[in-house]
Every structure is written in structure tokens, then in C-alpha cells.
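Structure file data.cif (mmCIF, C-alpha atoms and all ligand atoms) follows.
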```cif
data_model
loop_
_atom_site.label_atom_id
_atom_site.label_comp_id
_atom_site.auth_asym_id
_atom_site.auth_seq_id
_atom_site.Cartn_x
_atom_site.Cartn_y
_atom_site.Cartn_z
CA MET T 10 0.00 0.00 0.00
CA VAL T 11 1.31 3.47 -0.84
CA ARG T 12 1.88 5.77 2.10
CA LEU T 13 0.31 9.23 2.00
CA ALA T 14 2.73 12.04 1.18
CA ILE T 15 3.19 14.95 3.58
CA GLY T 16 2.10 17.32 0.78
CA GLU T 17 -1.40 15.88 1.20
CA LEU T 18 -1.72 17.75 4.52
CA LYS T 19 -1.14 21.15 2.91
CA ALA T 20 -3.61 20.21 0.20
CA MET T 21 -6.14 19.42 2.96
CA LYS T 22 -5.54 22.86 4.53
CA GLU T 23 -6.04 24.50 1.14
CA ARG T 24 -9.27 22.57 0.57
CA GLY T 25 -10.46 23.58 4.06
CA GLU T 26 -10.57 19.89 5.03
CA LYS T 27 -9.77 19.32 8.73
CA ILE T 28 -6.88 16.99 9.54
CA PRO T 29 -7.57 14.41 12.27
CA MET T 30 -4.33 13.19 13.86
CA LEU T 31 -4.06 10.70 16.71
CA THR T 32 -1.19 9.23 18.65
CA ALA T 33 -0.41 5.52 18.64
CA TYR T 34 2.44 3.73 20.29
CA ASP T 35 2.21 0.11 19.18
CA TYR T 36 1.28 -2.23 16.34
CA PRO T 37 -2.35 -3.07 17.21
CA THR T 38 -3.44 0.48 17.97
CA ALA T 39 -1.67 1.79 14.84
CA LYS T 40 -3.59 -0.79 12.80
CA LEU T 41 -6.92 0.18 14.38
CA VAL T 42 -6.34 3.92 14.08
CA GLU T 43 -5.31 3.61 10.43
CA ALA T 44 -8.18 1.25 9.58
CA ALA T 45 -10.58 3.86 10.99
CA GLY T 46 -9.20 6.34 8.47
CA VAL T 47 -6.75 8.59 10.29
CA PRO T 48 -4.30 10.04 7.71
CA ILE T 49 -1.52 10.94 10.16
CA ILE T 50 -0.33 9.15 13.29
CA LEU T 51 1.97 10.66 15.89
CA VAL T 52 4.25 8.43 17.92
CA GLY T 53 4.35 11.07 20.65
CA ASP T 54 6.81 11.18 23.49
CA SER T 55 3.61 11.34 25.55
CA LEU T 56 4.22 7.59 25.56
CA GLY T 57 6.53 8.35 28.48
CA MET T 58 3.45 9.19 30.54
CA VAL T 59 0.59 7.13 29.10
CA VAL T 60 2.54 3.96 28.29
CA LEU T 61 5.68 3.97 30.42
CA GLY T 62 4.24 5.62 33.54
CA TYR T 63 6.71 8.49 33.96
CA ASP T 64 5.37 11.77 35.31
CA SER T 65 6.68 13.77 32.34
CA THR T 66 8.11 13.22 28.86
CA LEU T 67 11.65 14.08 29.96
CA PRO T 68 12.95 10.55 30.68
CA VAL T 69 11.94 9.23 27.22
CA THR T 70 14.93 8.02 25.18
CA ILE T 71 15.73 7.74 21.48
CA GLU T 72 15.58 3.95 21.92
CA ASP T 73 12.04 4.23 23.36
CA MET T 74 10.96 6.32 20.37
CA ILE T 75 12.59 3.98 17.87
CA ARG T 76 11.10 0.84 19.42
CA HIS T 77 7.56 2.29 19.47
CA GLY T 78 8.01 4.00 16.09
CA GLN T 79 8.96 0.67 14.50
CA ALA T 80 5.85 -1.01 15.91
CA VAL T 81 3.58 1.79 14.66
CA VAL T 82 5.11 1.77 11.18
CA ARG T 83 4.58 -2.01 11.02
CA GLY T 84 0.92 -1.46 11.95
CA ALA T 85 0.14 1.50 9.70
CA GLU T 86 0.82 1.00 6.01
CA ARG T 87 -0.84 4.08 4.59
CA ALA T 88 -0.87 6.83 7.20
CA ILE T 89 1.89 9.38 7.55
CA VAL T 90 3.81 8.42 10.70
CA VAL T 91 5.54 11.18 12.67
CA VAL T 92 7.90 10.26 15.52
CA ASP T 93 8.73 12.70 18.31
CA MET T 94 12.37 13.52 18.94
CA PRO T 95 12.75 13.10 22.69
CA PHE T 96 14.18 15.61 25.16
CA LEU T 97 17.87 16.41 24.55
CA SER T 98 18.05 14.51 21.28
CA TYR T 99 18.07 17.73 19.23
CA GLN T 100 18.88 20.59 21.61
CA VAL T 101 22.60 19.95 22.14
CA SER T 102 23.81 20.62 18.60
CA ILE T 103 22.58 20.56 15.03
CA GLU T 104 24.96 17.66 14.29
CA GLU T 105 23.48 15.59 17.08
CA ALA T 106 19.96 16.47 15.93
CA LEU T 107 20.85 15.34 12.41
CA ARG T 108 22.27 12.06 13.66
CA ASN T 109 19.30 11.36 15.93
CA ALA T 110 16.61 12.35 13.43
CA GLY T 111 18.41 10.23 10.84
CA ARG T 112 18.47 7.26 13.23
CA ILE T 113 14.76 7.64 13.94
CA LEU T 114 13.82 7.75 10.26
CA LYS T 115 16.25 5.03 9.15
CA GLU T 116 15.44 2.61 11.96
CA THR T 117 11.66 3.08 12.07
CA GLY T 118 10.72 3.77 8.47
CA ALA T 119 8.57 6.70 9.71
CA THR T 120 7.81 9.63 7.43
CA ALA T 121 8.82 12.54 9.64
CA VAL T 122 10.06 13.71 13.02
CA LYS T 123 8.56 16.30 15.34
CA LEU T 124 10.47 18.59 17.67
CA GLU T 125 9.47 21.29 20.13
CA GLY T 126 10.41 24.96 20.08
CA GLY T 127 10.38 28.13 18.01
CA GLN T 128 13.12 30.51 16.90
CA SER T 129 15.85 28.63 18.75
CA VAL T 130 15.22 25.35 16.89
CA ALA T 131 14.52 26.91 13.47
CA PRO T 132 18.17 26.46 12.28
CA THR T 133 17.98 22.80 13.33
CA VAL T 134 14.70 22.34 11.48
CA GLN T 135 16.23 23.94 8.39
CA ARG T 136 19.26 21.61 8.49
CA LEU T 137 17.10 18.50 8.90
CA VAL T 138 14.86 19.58 6.04
CA GLU T 139 17.91 20.27 3.86
CA ALA T 140 19.05 16.74 4.62
CA GLY T 141 15.73 15.44 3.31
CA MET T 142 13.97 14.84 6.61
CA PRO T 143 10.41 16.16 6.96
CA VAL T 144 9.92 18.03 10.24
CA MET T 145 6.78 18.93 12.16
CA GLY T 146 7.10 21.82 14.63
CA HIS T 147 5.46 22.09 18.06
CA LEU T 148 4.71 25.43 19.75
CA GLY T 149 2.74 26.75 22.72
CA LEU T 150 2.84 24.35 25.63
CA THR T 151 5.97 22.36 24.87
CA PRO T 152 5.95 19.54 27.44
CA GLN T 153 9.72 18.97 27.26
CA SER T 154 10.09 22.48 28.80
CA VAL T 155 7.55 21.82 31.57
CA ASN T 156 10.03 22.77 34.30
CA GLN T 157 10.75 26.09 32.65
CA LEU T 158 7.06 26.77 31.96
CA GLY T 159 6.20 26.04 35.59
CA GLY T 160 3.64 23.34 34.76
CA TYR T 161 1.19 22.40 32.03
CA ARG T 162 -0.34 25.88 31.67
CA VAL T 163 -2.08 27.79 28.90
CA GLN T 164 0.54 29.67 26.86
CA ALA T 165 0.51 32.86 24.77
CA LYS T 166 -1.74 34.82 27.11
CA THR T 167 -0.03 38.24 26.80
CA PRO T 168 0.28 40.38 23.65
CA ALA T 169 4.07 39.92 23.74
CA ALA T 170 3.72 36.15 24.00
CA VAL T 171 1.24 36.12 21.11
CA VAL T 172 3.67 38.05 18.89
CA LYS T 173 6.46 35.67 19.92
CA LEU T 174 4.30 32.66 19.03
CA ILE T 175 3.35 34.07 15.62
CA ASN T 176 7.02 34.87 14.87
CA ALA T 177 8.04 31.40 15.98
CA ALA T 178 5.46 29.79 13.68
CA ALA T 179 6.67 31.94 10.78
CA ALA T 180 10.29 30.98 11.55
CA LEU T 181 9.39 27.27 11.54
CA GLU T 182 7.56 27.65 8.25
CA ARG T 183 10.56 29.47 6.71
CA ALA T 184 12.84 26.72 8.01
CA GLY T 185 10.74 24.19 6.10
CA ALA T 186 8.50 22.60 8.74
CA PHE T 187 5.59 20.92 6.93
CA ALA T 188 3.09 21.40 9.81
CA ILE T 189 3.02 22.86 13.30
CA VAL T 190 1.37 21.50 16.44
CA LEU T 191 -0.13 24.26 18.62
CA GLU T 192 -0.63 23.03 22.17
CA THR T 193 -2.71 24.70 24.88
CA VAL T 194 -3.02 28.24 23.57
CA PRO T 195 -6.17 30.40 23.42
CA ALA T 196 -8.43 29.59 20.47
CA ASN T 197 -8.16 33.07 18.95
CA VAL T 198 -4.37 32.98 19.13
CA ALA T 199 -4.36 29.61 17.35
CA ARG T 200 -6.66 31.15 14.75
CA LEU T 201 -4.23 34.03 14.16
CA VAL T 202 -1.31 31.62 13.72
CA THR T 203 -3.38 29.39 11.43
CA GLU T 204 -4.23 32.37 9.23
CA LYS T 205 -0.62 33.62 9.16
CA VAL T 206 1.13 30.43 8.10
CA GLY T 207 0.72 28.48 4.89
CA VAL T 208 1.45 25.12 6.50
CA PRO T 209 -1.23 23.25 8.47
CA THR T 210 -1.59 23.87 12.19
CA ILE T 211 -2.62 20.89 14.29
CA GLY T 212 -4.18 21.87 17.61
CA ILE T 213 -4.40 20.21 20.97
CA GLY T 214 -6.07 22.42 23.52
CA ALA T 215 -5.92 25.19 20.90
CA GLY T 216 -9.58 25.50 19.95
CA PRO T 217 -11.45 24.71 16.76
CA TYR T 218 -9.76 27.05 14.26
CA CYS T 219 -6.61 25.00 13.65
CA ASP T 220 -6.33 23.08 10.40
CA GLY T 221 -6.33 19.82 12.29
CA GLN T 222 -6.60 18.31 15.75
CA VAL T 223 -4.46 15.80 17.61
CA GLN T 224 -5.40 13.78 20.67
CA VAL T 225 -3.47 11.38 22.85
CA LEU T 226 -4.97 7.94 22.23
CA HIS T 227 -5.04 6.83 25.86
CA ASP T 228 -6.91 9.99 26.94
CA PHE T 229 -9.23 9.65 23.95
CA LEU T 230 -10.09 6.01 24.74
CA GLY T 231 -10.42 6.50 28.49
CA LEU T 232 -7.43 4.23 29.09
CA PHE T 233 -5.31 6.62 31.16
CA PRO T 234 -6.80 6.75 34.62
CA ASP T 235 -4.36 9.20 36.26
CA PHE T 236 -5.44 12.45 34.66
CA LEU T 237 -7.63 13.87 31.87
CA PRO T 238 -6.49 17.23 30.50
CA ARG T 239 -9.31 19.75 30.03
CA HIS T 240 -8.73 19.76 26.26
CA ALA T 241 -9.12 15.99 25.93
CA ARG T 242 -12.43 14.32 25.17
CA ARG T 243 -13.06 10.67 25.94
CA PHE T 244 -14.51 9.24 22.74
CA ALA T 245 -14.69 5.88 24.53
CA GLU T 246 -14.56 4.70 28.14
CA LEU T 247 -12.44 1.58 27.84
CA ALA T 248 -11.14 1.40 31.41
CA GLY T 249 -14.49 -0.06 32.59
CA PRO T 250 -14.69 -2.88 29.99
CA VAL T 251 -11.02 -3.76 30.60
CA THR T 252 -11.58 -4.01 34.35
CA ASP T 253 -14.79 -6.05 33.81
CA ALA T 254 -12.97 -8.46 31.49
CA VAL T 255 -10.14 -8.96 33.98
CA GLN T 256 -12.61 -9.53 36.82
CA ARG T 257 -14.51 -12.13 34.73
CA TYR T 258 -11.23 -13.84 33.92
CA ILE T 259 -10.24 -13.99 37.59
CA ALA T 260 -13.66 -15.41 38.52
CA GLU T 261 -13.61 -18.02 35.72
CA VAL T 262 -10.06 -19.14 36.52
CA GLN T 263 -10.94 -19.42 40.19
CA ALA T 264 -14.14 -21.36 39.40
CA GLY T 265 -12.25 -23.78 37.11
CA GLU T 266 -14.34 -22.59 34.12
CA PHE T 267 -11.38 -21.30 32.15
CA PRO T 268 -9.84 -22.90 30.15
CA SER T 269 -12.58 -25.09 28.68
CA ALA T 270 -12.09 -28.14 26.46
CA GLN T 271 -12.25 -25.86 23.41
CA GLU T 272 -9.45 -23.76 24.75
CA SER T 273 -7.28 -26.76 25.74
CA PHE T 274 -5.40 -29.47 23.87
CA GLY T 275 -6.33 -33.09 24.52
CA LEU T 276 -8.47 -32.22 27.54
CA GLU T 277 -11.43 -34.47 26.64
CA LYS T 278 -9.09 -37.39 26.05
CA ALA T 279 -7.28 -36.70 29.31
CA ARG T 280 -10.60 -36.58 31.17
CA ARG T 281 -11.82 -39.82 29.56
CA MET T 282 -8.58 -41.51 30.46
CA ALA T 283 -8.59 -40.17 34.01
CA ALA T 284 -12.18 -41.42 34.41
CA GLY T 285 -11.65 -44.82 32.72
CA SER T 286 -8.31 -46.46 32.24
CA ALA T 287 -5.84 -45.40 34.93
CA GLY T 288 -2.25 -45.69 33.80
CA ALA T 289 -3.00 -45.13 30.09
CA PRO T 290 -0.87 -42.43 28.44
CA VAL T 291 -2.46 -39.02 28.63
CA SER T 292 -1.97 -36.51 25.84
CA ASP T 293 -0.69 -33.16 27.05
CA GLY T 294 -1.50 -31.61 23.69
CA THR T 295 2.14 -31.02 22.77
CA THR T 296 1.70 -32.74 19.41
CA GLU T 297 -1.00 -30.25 18.44
CA GLU T 298 0.18 -27.12 16.73
CA ALA T 299 -0.75 -24.03 18.69
CA ARG T 300 -0.26 -20.32 18.30
CA PRO T 301 2.01 -19.07 21.07
CA PHE T 302 0.05 -15.80 21.51
CA GLY T 303 -3.08 -14.15 20.24
CA GLY T 304 -5.57 -16.70 21.54
CA ALA T 305 -6.70 -17.83 18.12
CA GLY T 306 -6.74 -21.58 18.90
CA THR T 307 -4.86 -24.12 16.82
CA LEU T 308 -3.35 -23.22 13.49
CA GLU T 309 -5.43 -25.92 11.88
CA SER T 310 -8.73 -24.64 13.24
CA PRO T 311 -8.35 -21.01 14.14
CA ARG T 312 -11.01 -19.63 16.40
CA PRO T 313 -12.36 -16.26 15.31
CA ALA T 314 -12.06 -13.49 17.85
CA PRO T 315 -15.33 -12.84 19.71
O1 LIG K 1 3.74 13.64 22.62
C1 LIG K 1 2.63 13.90 22.15
O2 LIG K 1 1.69 13.08 22.16
C2 LIG K 1 2.44 15.20 21.56
C3 LIG K 1 1.03 15.64 21.32
C4 LIG K 1 0.42 16.04 22.60
C5 LIG K 1 0.96 16.70 20.31
O3 LIG K 1 3.37 15.90 21.32
#
```
Represent the structure of the file as C-alpha cells.
Amino acid sequence: MVRLAIGELKAMKERGEKIPMLTAYDYPTAKLVEAAGVPIILVGDSLGMVVLGYDSTLPVTIEDMIRHGQAVVRGAERAIVVVDMPFLSYQVSIEEALRNAGRILKETGATAVKLEGGQSVAPTVQRLVEAGMPVMGHLGLTPQSVNQLGGYRVQAKTPAAVVKLINAAAALERAGAFAIVLETVPANVARLVTEKVGVPTIGIGAGPYCDGQVQVLHDFLGLFPDFLPRHARRFAELAGPVTDAVQRYIAEVQAGEFPSAQESFGLEKARRMAAGSAGAPVSDGTTEEARPFGGAGTLESPRPAP
């Protein structure tokens, strides 16, 4: 299947067609998100919080991003896949940024990288773009600077900060960024930026006027119990069904109801033998071919998922 080109996003902006972007961090969710029709998937360093359980994105490593990026690229054949450059992988020097962005793209097969910051990272963005690497910018609340920002607060609230944000967006566009995430800024400010730049803006907590929206999958699915940012909407409440399923499993294991004969190998024969002829050999099912994971039964007679 042919992967979408990044130019498609600008074409969507020009057609006035909103761009829905979602994060994914692994193979199955990438497959589901793509199958539902999302054109662009972000392997966000938010995985540090929603997948790895850190209290910020700062501890996330290049290896984390590469491992999760690879899984997402294997799951999504058509969507544009953008992988976040983690904290300190691009701030030290342009050379290091080049090496790390190159590693991410070479080792994952993703389409693009994303990095946070405005004027100060514009020369880095320009160098990556010159080297052939598509770059998405990220302005407003930049979570890798949470300690400097003093928390996850709304940004660009003063006239000076609004001007700085608009100039930063223009600098990223000039440097060659193909899109810009605007995080947690007032809706009218996001509108101004969206009107000023020719590249698509993708908002999160930035109101409805951006060219697209991005949400963190675990917030969106109700799978992250610790915290729900005000800008996130739960499009599903999956924590309840997951807990119910686990409780049913515990009860059925404890009651001896799971696994059944259908979910076992040679169980009927073993039962017949135990009931009838003591001492006869009992099959332990090891001659039957079984899938190691995925619960689909034997290879010969796969059991469809419920
Ligand atoms: O890491 C992430 O998921 C992000 C989005 C919040 C834009 O950067």
C-alpha cells in the first residue's frame, strides 16, 4: 500500500478539510487507528506518561521512540507516521539532531520527526529539512520544557507572548517545517497563527480554528486513569470494559471454568482416560500445533475473535 505524502496535509488545509491526527504507540493500535481512516499518526513522546508511567516526557529516550516507532510503522501502512524527537536529542547541537533524526527515520521507516520549540530550533529544522527529513514543529505548551514553563499551563496569554508565538510559527515555516502542532493556547491565538502560516496547524487544547486536531490515544479512549487534561475528550470509556474483562477472567479461573475443552489441547481425552483407564498415556496436547500468543486456537482450526 502506498503511504500518503506529507504534501497531502497542505492540500487538505487549502481545501479547508480538517486533519484528524491521533497518537499511537504500538502495532495493534496503529492498525486500528489507520483502519478507521486517520491520515496521520503521531508516535508522541507522551508515551513516556501514558505507556511507560513516567510523570513527564523528559525521561523518554531515542531507543524508546525507535522501538515504538517501529511497531507503529509495522501497523500503519498508509498513514503518515511522525515520531517525536525526545528531550535532549536535538537541543545539544545541530549535528546531534541530524544524527538522531536520521536514526529515527532510518530505523523506524517513519515519514517525519517532530520537535518542540520556536526561533531557537529553526536552524535545526532547516538543516534536517535540507538533509531530506520532513519536520513537524510544536509550539505553545511544549511539554519537554515543563520545568521552565512552571507546569502544564495555557501559553501565549499576553500580547508579547502572542507576537512571539506568531514569529516562531513563521520561523518554523521558513525553516521548512511541513506542519506545526499548537498546544494549549487560546483559540483566537491559534486562529491568528493558522491564518498567518501556509502550513497546516494541528491543535491540541488550541480551539477549533486549527487546520487539524491531535489527541493522545489513551486519553481519547479512556485508558489513562491518572489524569484527563481539560482539552481531551473521551470518545470511549475503555477502562471499565477492561476491568470487567479482567474480573470475569479472575472469577472463571478461580471457578475452574477457564480454560474449557475448546481452549485446551487433549483435555477431553485426558478426562476420559482419568475417568476410565488409569495408567494409560495421557496426551498433554504437545503434538498439536498451537499459536504461542493471540488466543486464536490451533493453526489448523483457528477460532475467530469474539
Ligand atoms: O507527545 C505527544 O503526544 C504530543 C502531542 C500532545 C501533540 O506531542
Using only C-alpha atoms and all ligand atoms, what table do you get, as CSV, when you list each residue of chain T with an atom no more than 10 Å from ligand LIG 1 (chain K), its nearest pair of atoms, and their distance in Å rounded to one decimal, rows by chain then rising number?
```
residue,atom,partner,partner_atom,distance
T:Met30,CA,K:LIG1,C5,9.1
T:Leu31,CA,K:LIG1,O2,8.3
T:Thr32,CA,K:LIG1,O2,6.0
T:Ala33,CA,K:LIG1,O2,8.6
T:Tyr34,CA,K:LIG1,O2,9.6
T:Ile50,CA,K:LIG1,O2,9.9
T:Leu51,CA,K:LIG1,O2,6.7
T:Val52,CA,K:LIG1,O2,6.8
T:Gly53,CA,K:LIG1,O1,3.3
T:Asp54,CA,K:LIG1,O1,4.0
T:Ser55,CA,K:LIG1,O1,3.7
T:Leu56,CA,K:LIG1,O1,6.7
T:Gly57,CA,K:LIG1,O1,8.4
T:Met58,CA,K:LIG1,O1,9.1
T:Val59,CA,K:LIG1,O2,9.2
T:Thr66,CA,K:LIG1,O1,7.6
T:Val92,CA,K:LIG1,O1,8.9
T:Asp93,CA,K:LIG1,O1,6.7
T:Met94,CA,K:LIG1,O1,9.4
T:Pro95,CA,K:LIG1,O1,9.0
T:Lys123,CA,K:LIG1,O3,7.9
T:Leu124,CA,K:LIG1,O3,8.4
T:Glu125,CA,K:LIG1,O3,8.2
T:Gly146,CA,K:LIG1,O3,9.7
T:His147,CA,K:LIG1,O3,7.3
T:Leu148,CA,K:LIG1,C5,9.5
T:Leu150,CA,K:LIG1,C4,9.2
T:Thr151,CA,K:LIG1,O3,7.8
T:Pro152,CA,K:LIG1,O3,7.6
T:Gln153,CA,K:LIG1,O3,9.2
T:Ile189,CA,K:LIG1,C5,9.6
T:Val190,CA,K:LIG1,C5,6.2
T:Leu191,CA,K:LIG1,C5,7.8
T:Glu192,CA,K:LIG1,C5,6.8
T:Thr193,CA,K:LIG1,C4,9.5
T:Ile211,CA,K:LIG1,C5,8.2
T:Gly212,CA,K:LIG1,C5,7.8
T:Ile213,CA,K:LIG1,C5,6.4
T:Gly214,CA,K:LIG1,C4,9.1
T:Gln222,CA,K:LIG1,C5,9.0
T:Val223,CA,K:LIG1,C5,6.1
T:Gln224,CA,K:LIG1,C4,6.5
T:Val225,CA,K:LIG1,O2,5.5
T:Leu226,CA,K:LIG1,O2,8.4
T:His227,CA,K:LIG1,O2,9.9
```
Counting only C-alpha atoms, what is within 9 Å of T:Gln135, bar same-chain residues fewer than 4 positions away, as an MDAnalysis selection string? chainID T and resid 130:131 139:140 144 181 183:186
Residue selection dump (C-alpha atoms) as an mmCIF file, keeping the file's coordinate frame:
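Heads up, here's the output in selection-v3.cif:
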```
data_model
loop_
_atom_site.group_PDB
_atom_site.id
_atom_site.type_symbol
_atom_site.label_atom_id
_atom_site.label_comp_id
_atom_site.auth_asym_id
_atom_site.auth_seq_id
_atom_site.Cartn_x
_atom_site.Cartn_y
_atom_site.Cartn_z
ATOM 1 C CA VAL T 130 15.220 25.350 16.890
ATOM 2 C CA ALA T 131 14.520 26.910 13.470
ATOM 3 C CA GLU T 139 17.910 20.270 3.860
ATOM 4 C CA ALA T 140 19.050 16.740 4.620
ATOM 5 C CA VAL T 144 9.920 18.030 10.240
ATOM 6 C CA LEU T 181 9.390 27.270 11.540
ATOM 7 C CA ARG T 183 10.560 29.470 6.710
ATOM 8 C CA ALA T 184 12.840 26.720 8.010
ATOM 9 C CA GLY T 185 10.740 24.190 6.100
ATOM 10 C CA ALA T 186 8.500 22.600 8.740
#
```
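Candidate residues T:Glu266, T:Asp73, T:Asp228, T:Glu204 were compared for distance to T:Ala179, and the nearest is T:Glu204, using all atoms listed in the file.
Proximity of T:Tyr258, T:Phe267, T:Tyr218, T:Phe244 to T:Ile28, computed with all atoms listed in the file, is greatest for T:Tyr218.
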Closest of T:Gly265, T:Gly62, T:Pro143, T:Gly46 to T:Val91 - atom-to-atom distances counting all atoms listed in the file: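 Among the listed residues, the smallest separation from T:Val91 belongs to T:Pro143.
Put simply, atom CA of T:Met145 is 23.3 Å away from atom CA of T:Ala44.
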Dig up all the protein and nucleic acid residues within 12 Å of (23.3, 22.5, 17.2) in the file frame, using only C-alpha atoms, and format them as a list in words. Leu97, Ser98, Tyr99, Gln100, Val101, Ser102, Ile103, Glu104, Glu105, Ala106, Leu107, Arg108, Asn109, Ser129, Val130, Ala131, Pro132, Thr133, Val134, Gln135, Arg136 and Leu137 of chain T
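Atom to atom, atom CA of T:Pro268 and atom CA of T:Gly249 stand 23.4 Å apart.
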Within 12 Å of (-11.8, 2.8, 32.0) in the file's own coordinates, which protein, DNA or RNA residues have an atom, counting only C-alpha atoms? List them as a PyMOL selection string. chain T and resi 227-237+243-254
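Considering only C-alpha atoms, the residue among T:Ala45, T:Met282, T:Val138, T:Val255 positioned nearest to T:Ala121 is T:Val138.
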Nearby residues (all atoms listed in the file) at most 8 Å from T:Lys40, same-chain spacing under 5 positions excluded, as a list in words: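 Neighbouring residues, sequence-local ones excluded: Val81, Gly84 and Ala85 of chain T.
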Hey, can you check how far atom CA of T:Cys219 sits from atom CA of T:Ile15?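 That distance, rounded to one decimal, is 17.3 Å.
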Have a look at T:Val194, T:Leu41, T:Ala119, T:Ala169 and name the one nearest to T:Gln79; count all atoms listed in the file.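 Nearest candidate to T:Gln79 out of T:Val194, T:Leu41, T:Ala119, T:Ala169: T:Ala119.
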Which one of T:Gln157, T:Ser65, T:Asn176, T:Thr167 sits closest to T:Gly127 if you count only C-alpha atoms? T:Asn176
Could I get stretch 17-32 of chain T from the block written out with C-alpha atoms, as a CSV table (one decimal), in the first residue's frame?
```csv
chain,number,residue,atom,x,y,z
T,17,GLU,CA,-1.4,15.9,1.2
T,18,LEU,CA,-1.7,17.7,4.5
T,19,LYS,CA,-1.1,21.2,2.9
T,20,ALA,CA,-3.6,20.2,0.2
T,21,MET,CA,-6.1,19.4,3.0
T,22,LYS,CA,-5.5,22.9,4.5
T,23,GLU,CA,-6.0,24.5,1.1
T,24,ARG,CA,-9.3,22.6,0.6
T,25,GLY,CA,-10.5,23.6,4.1
T,26,GLU,CA,-10.6,19.9,5.0
T,27,LYS,CA,-9.8,19.3,8.7
T,28,ILE,CA,-6.9,17.0,9.5
T,29,PRO,CA,-7.6,14.4,12.3
T,30,MET,CA,-4.3,13.2,13.9
T,31,LEU,CA,-4.1,10.7,16.7
T,32,THR,CA,-1.2,9.2,18.7
```
